[in-house]
Amino acid sequence: MTRTGGPEGPQPAGSAPAKVRVWDPWVRLTHWSLVLLVPALWLTAEKGFLSVHRTLGEVVVGLLLFRIYWGFAGSETARFASFVKGPGAVVAYLKGLGSKTAGHAVGHNAAGGWSILLMLLAIGVQVSLGLVAQDKDGLTVSPLTHLVPYAASEAAREWHERVFFAIVAVVSLHVAAIVYYAFAKRENLVRPMISGWKLVSGPVAPPAAAPAWRALLGAALAAGLTWWVALGAPGVPAP
Amino acid sequence: MKRTILVATALGLALFAAGCAKKEVKNPIVTARHENYEQVKQAFRAIGDELKKESPSFEVIDTNAEKLDALAKDLPSWFPEGSGPETGAKTEALPVIWEKWPDFEEAAGKLQTAVGGLVAASSAEDLGLTGEAAKNVGGACKSCHDTFRKEDD
């Protein structure tokens, strides 16, 4: 298999499909980790395995911190600046949604970018609530529960249960769009998220990939910050 | 015309009020029990919060351990015969509490012993023992819930 990361020479305009790497390994790793973690978190909460739930939730905190960092310092398609588009672009994209032709977007499309942002936001709200919540018996507490009043932890638990449905809603929208693309537009969006590579029609400049050291730096920063949070944010005085 | 609207509105409001009132059956024993458990939870959380501080105050732990002690001693009395699901009130107390009352009392006894240990450890101002004792109390809570309380809400 030849790795054609970019056009090695001049390509015939708009003809031969080019294979470009749209998703770097870090985006894919973050993505599929969340795919596994979200159902696992739901299950552990339902079954009352709260200490496992708490640990998995801490992993999500780390992934989210990394993803935010990567949204500023990562590869081109991972950056918020590259995929969060204005309302005009979103409307234009939605108008073209009915066409049966594949979009061949390199990275997120204009609407998809917003759904990513929404998912990250929902997950961010969810872990923030989880970090200060307590279970209904007050026996399992979260890493930062001791920093907020009792009533706040109680409210956080209730909202933590509700926000889950918001996550289900945005994830459903995300999956529905993928299914729509697969059947109506005959474009497989799942494979690129697994392999990183996507066939794109016409000549395209391959998106810039961030160097590995930058990902490792971000992973170290995210892991360090998460570790500190998991320890209960030592140094932050309780009220 | 005006009168018809007025009557209709009054009727609607009455029906709405009736609907709301019907939704929840209140039972004073069940309500008091919930409030007592809320006290347990608050005292336990206060101890947990204190233990997480860099230099925990044994005064705070002591006060709350004493509260827990009094509550744990009273606990079986929160469950008079007939105060279970048959009241129609929202309760997670399972009928097995009264079916196996000696077992329930034994479970409550375990809590009382655990809380006694907590009071002793905190009076001795032994941080390690206090942490251990608090864990035991949590364990006693949980093991009783596992058997005698309805799962989920």
# chains A, B, ... in the order shown; residues from 1 in each chain; ligands from 1
>>> closest_atom_pairs(of="chain A", to="chain B", cutoff="9 Å", atoms="only C-alpha atoms", output="CSV")
residue,atom,partner,partner_atom,distance
A:Glu46,CA,B:Asp152,CA,8.3
A:Gly48,CA,B:Asp152,CA,8.8
A:Lys136,CA,B:Lys41,CA,8.8
A:Asp137,CA,B:Lys41,CA,6.4
A:Gly138,CA,B:Lys41,CA,5.7
A:Leu139,CA,B:Gly138,CA,6.0
A:Thr140,CA,B:Gly138,CA,9.0
A:Val141,CA,B:Arg45,CA,8.7
A:Thr145,CA,B:Asp49,CA,8.2
A:His146,CA,B:Asp49,CA,5.1
A:Leu147,CA,B:Asp49,CA,8.3
A:Tyr150,CA,B:Gln42,CA,7.4
A:Gly232,CA,B:Lys52,CA,8.4
A:Pro234,CA,B:Glu54,CA,8.8
A:Gly235,CA,B:Glu54,CA,8.9
A:Pro237,CA,B:Lys53,CA,7.9
A:Ala238,CA,B:Lys53,CA,7.2
>>> residues_around(residues="B:Asp74", least_positions_apart="5", cutoff="10 Å", atoms="only C-alpha atoms", output="list in words")
Asn36, Leu68, Asp69, Phe79, Ala108 and Gln112 of chain B
>>> atom_distance(atom1="atom CA of A:Leu144", atom2="atom CA of A:Gly224")
16.0 Å
>>> residues_around(residues="B:Ile61", least_positions_apart="4", cutoff="7 Å", atoms="only C-alpha atoms", output="number ranges by chain")
B: 47, 50, 57, 65, 122
>>> write_last_selection(atoms="all heavy atoms", output="compact mmCIF listing (two decimals), in the first residue's frame")
# COMPACT_ATOMS: atom_id res chain seq x y z
N ILE B 47 -18.20 14.98 57.50
CA ILE B 47 -17.01 14.27 57.98
C ILE B 47 -16.05 14.01 56.81
O ILE B 47 -14.85 14.25 56.91
CB ILE B 47 -17.41 12.95 58.68
CG1 ILE B 47 -18.18 13.26 59.97
CG2 ILE B 47 -16.17 12.10 58.98
CD1 ILE B 47 -18.86 12.05 60.59
N GLU B 50 -14.28 17.12 55.76
CA GLU B 50 -13.27 17.51 56.74
C GLU B 50 -12.02 16.66 56.58
O GLU B 50 -10.90 17.16 56.62
CB GLU B 50 -13.86 17.35 58.15
CG GLU B 50 -13.25 18.25 59.19
CD GLU B 50 -13.25 19.73 58.80
OE1 GLU B 50 -14.25 20.19 58.24
OE2 GLU B 50 -12.23 20.40 59.06
N SER B 57 -10.32 19.34 61.16
CA SER B 57 -10.65 19.74 62.52
C SER B 57 -11.42 18.60 63.18
O SER B 57 -12.49 18.19 62.71
CB SER B 57 -11.51 21.01 62.47
OG SER B 57 -12.50 20.98 63.47
N ALA B 65 -19.93 13.16 64.10
CA ALA B 65 -19.93 11.75 64.51
C ALA B 65 -20.96 11.54 65.62
O ALA B 65 -21.68 10.53 65.63
CB ALA B 65 -18.54 11.35 64.96
N SER B 122 -12.38 9.58 66.54
CA SER B 122 -12.31 11.03 66.42
C SER B 122 -12.05 11.68 67.79
O SER B 122 -11.36 12.69 67.88
CB SER B 122 -13.56 11.55 65.73
OG SER B 122 -14.25 12.45 66.51
>>> atom_distance(atom1="atom CA of A:Lys100", atom2="atom CA of A:Val20")
22.2 Å
>>> atom_distance(atom1="atom CA of A:Ile178", atom2="atom CA of A:Pro203")
24.1 Å
>>> residues_around(residues="A:Trp26", least_positions_apart="6", cutoff="12 Å", atoms="only C-alpha atoms", output="list in words")
Trp32, Ser33, Leu63, Phe66, Arg67, Tyr69, Trp70, Gly71, Ala73, Gly74, Ser75, Thr77, Ala78, Met193, Ile194, Ser195, Gly196, Ala209, Ala210, Pro211, Ala212, Trp213, Arg214, Ala215, Leu216, Gly218 and Ala219 of chain A
>>> decode(residues="stretch 56-71 of chain A", atoms="N, CA, C and O atoms", output="PDB file, in the first residue's frame")
ATOM      1  N   LEU A  56     -13.657   6.123  34.982  1.00  0.00           N
ATOM      2  CA  LEU A  56     -13.857   6.312  33.543  1.00  0.00           C
ATOM      3  C   LEU A  56     -14.151   7.779  33.225  1.00  0.00           C
ATOM      4  O   LEU A  56     -13.691   8.312  32.215  1.00  0.00           O
ATOM      5  N   GLY A  57     -14.902   8.416  34.103  1.00  0.00           N
ATOM      6  CA  GLY A  57     -15.205   9.832  33.926  1.00  0.00           C
ATOM      7  C   GLY A  57     -13.943  10.679  33.951  1.00  0.00           C
ATOM      8  O   GLY A  57     -13.801  11.645  33.188  1.00  0.00           O
ATOM      9  N   GLU A  58     -13.004  10.283  34.805  1.00  0.00           N
ATOM     10  CA  GLU A  58     -11.732  11.013  34.862  1.00  0.00           C
ATOM     11  C   GLU A  58     -10.962  10.855  33.549  1.00  0.00           C
ATOM     12  O   GLU A  58     -10.297  11.789  33.096  1.00  0.00           O
ATOM     13  N   VAL A  59     -11.075   9.670  32.952  1.00  0.00           N
ATOM     14  CA  VAL A  59     -10.428   9.462  31.649  1.00  0.00           C
ATOM     15  C   VAL A  59     -11.054  10.411  30.612  1.00  0.00           C
ATOM     16  O   VAL A  59     -10.343  11.010  29.795  1.00  0.00           O
ATOM     17  N   VAL A  60     -12.376  10.569  30.680  1.00  0.00           N
ATOM     18  CA  VAL A  60     -13.045  11.489  29.750  1.00  0.00           C
ATOM     19  C   VAL A  60     -12.554  12.919  29.966  1.00  0.00           C
ATOM     20  O   VAL A  60     -12.345  13.651  28.998  1.00  0.00           O
ATOM     21  N   VAL A  61     -12.343  13.298  31.209  1.00  0.00           N
ATOM     22  CA  VAL A  61     -11.805  14.636  31.489  1.00  0.00           C
ATOM     23  C   VAL A  61     -10.481  14.817  30.743  1.00  0.00           C
ATOM     24  O   VAL A  61     -10.257  15.826  30.066  1.00  0.00           O
ATOM     25  N   GLY A  62      -9.628  13.813  30.836  1.00  0.00           N
ATOM     26  CA  GLY A  62      -8.335  13.875  30.163  1.00  0.00           C
ATOM     27  C   GLY A  62      -8.479  13.974  28.647  1.00  0.00           C
ATOM     28  O   GLY A  62      -7.812  14.791  27.997  1.00  0.00           O
ATOM     29  N   LEU A  63      -9.357  13.153  28.090  1.00  0.00           N
ATOM     30  CA  LEU A  63      -9.566  13.166  26.639  1.00  0.00           C
ATOM     31  C   LEU A  63     -10.093  14.523  26.178  1.00  0.00           C
ATOM     32  O   LEU A  63      -9.674  15.059  25.154  1.00  0.00           O
ATOM     33  N   LEU A  64     -11.008  15.054  26.969  1.00  0.00           N
ATOM     34  CA  LEU A  64     -11.611  16.331  26.606  1.00  0.00           C
ATOM     35  C   LEU A  64     -10.582  17.459  26.661  1.00  0.00           C
ATOM     36  O   LEU A  64     -10.516  18.301  25.751  1.00  0.00           O
ATOM     37  N   LEU A  65      -9.768  17.460  27.706  1.00  0.00           N
ATOM     38  CA  LEU A  65      -8.723  18.480  27.818  1.00  0.00           C
ATOM     39  C   LEU A  65      -7.767  18.386  26.631  1.00  0.00           C
ATOM     40  O   LEU A  65      -7.386  19.401  26.037  1.00  0.00           O
ATOM     41  N   PHE A  66      -7.409  17.136  26.293  1.00  0.00           N
ATOM     42  CA  PHE A  66      -6.521  16.962  25.150  1.00  0.00           C
ATOM     43  C   PHE A  66      -7.175  17.471  23.864  1.00  0.00           C
ATOM     44  O   PHE A  66      -6.548  18.174  23.059  1.00  0.00           O
ATOM     45  N   ARG A  67      -8.467  17.144  23.703  1.00  0.00           N
ATOM     46  CA  ARG A  67      -9.153  17.525  22.465  1.00  0.00           C
ATOM     47  C   ARG A  67      -9.272  19.047  22.331  1.00  0.00           C
ATOM     48  O   ARG A  67      -9.189  19.589  21.224  1.00  0.00           O
ATOM     49  N   ILE A  68      -9.454  19.721  23.453  1.00  0.00           N
ATOM     50  CA  ILE A  68      -9.531  21.186  23.418  1.00  0.00           C
ATOM     51  C   ILE A  68      -8.161  21.755  23.016  1.00  0.00           C
ATOM     52  O   ILE A  68      -8.062  22.616  22.144  1.00  0.00           O
ATOM     53  N   TYR A  69      -7.117  21.219  23.651  1.00  0.00           N
ATOM     54  CA  TYR A  69      -5.760  21.624  23.290  1.00  0.00           C
ATOM     55  C   TYR A  69      -5.517  21.378  21.801  1.00  0.00           C
ATOM     56  O   TYR A  69      -5.011  22.234  21.073  1.00  0.00           O
ATOM     57  N   TRP A  70      -5.939  20.195  21.337  1.00  0.00           N
ATOM     58  CA  TRP A  70      -5.716  19.815  19.943  1.00  0.00           C
ATOM     59  C   TRP A  70      -6.527  20.691  18.988  1.00  0.00           C
ATOM     60  O   TRP A  70      -6.182  20.860  17.829  1.00  0.00           O
ATOM     61  N   GLY A  71      -7.605  21.247  19.491  1.00  0.00           N
ATOM     62  CA  GLY A  71      -8.427  22.160  18.702  1.00  0.00           C
ATOM     63  C   GLY A  71      -7.711  23.480  18.408  1.00  0.00           C
ATOM     64  O   GLY A  71      -8.121  24.241  17.531  1.00  0.00           O
TER      65      GLY A  71
END
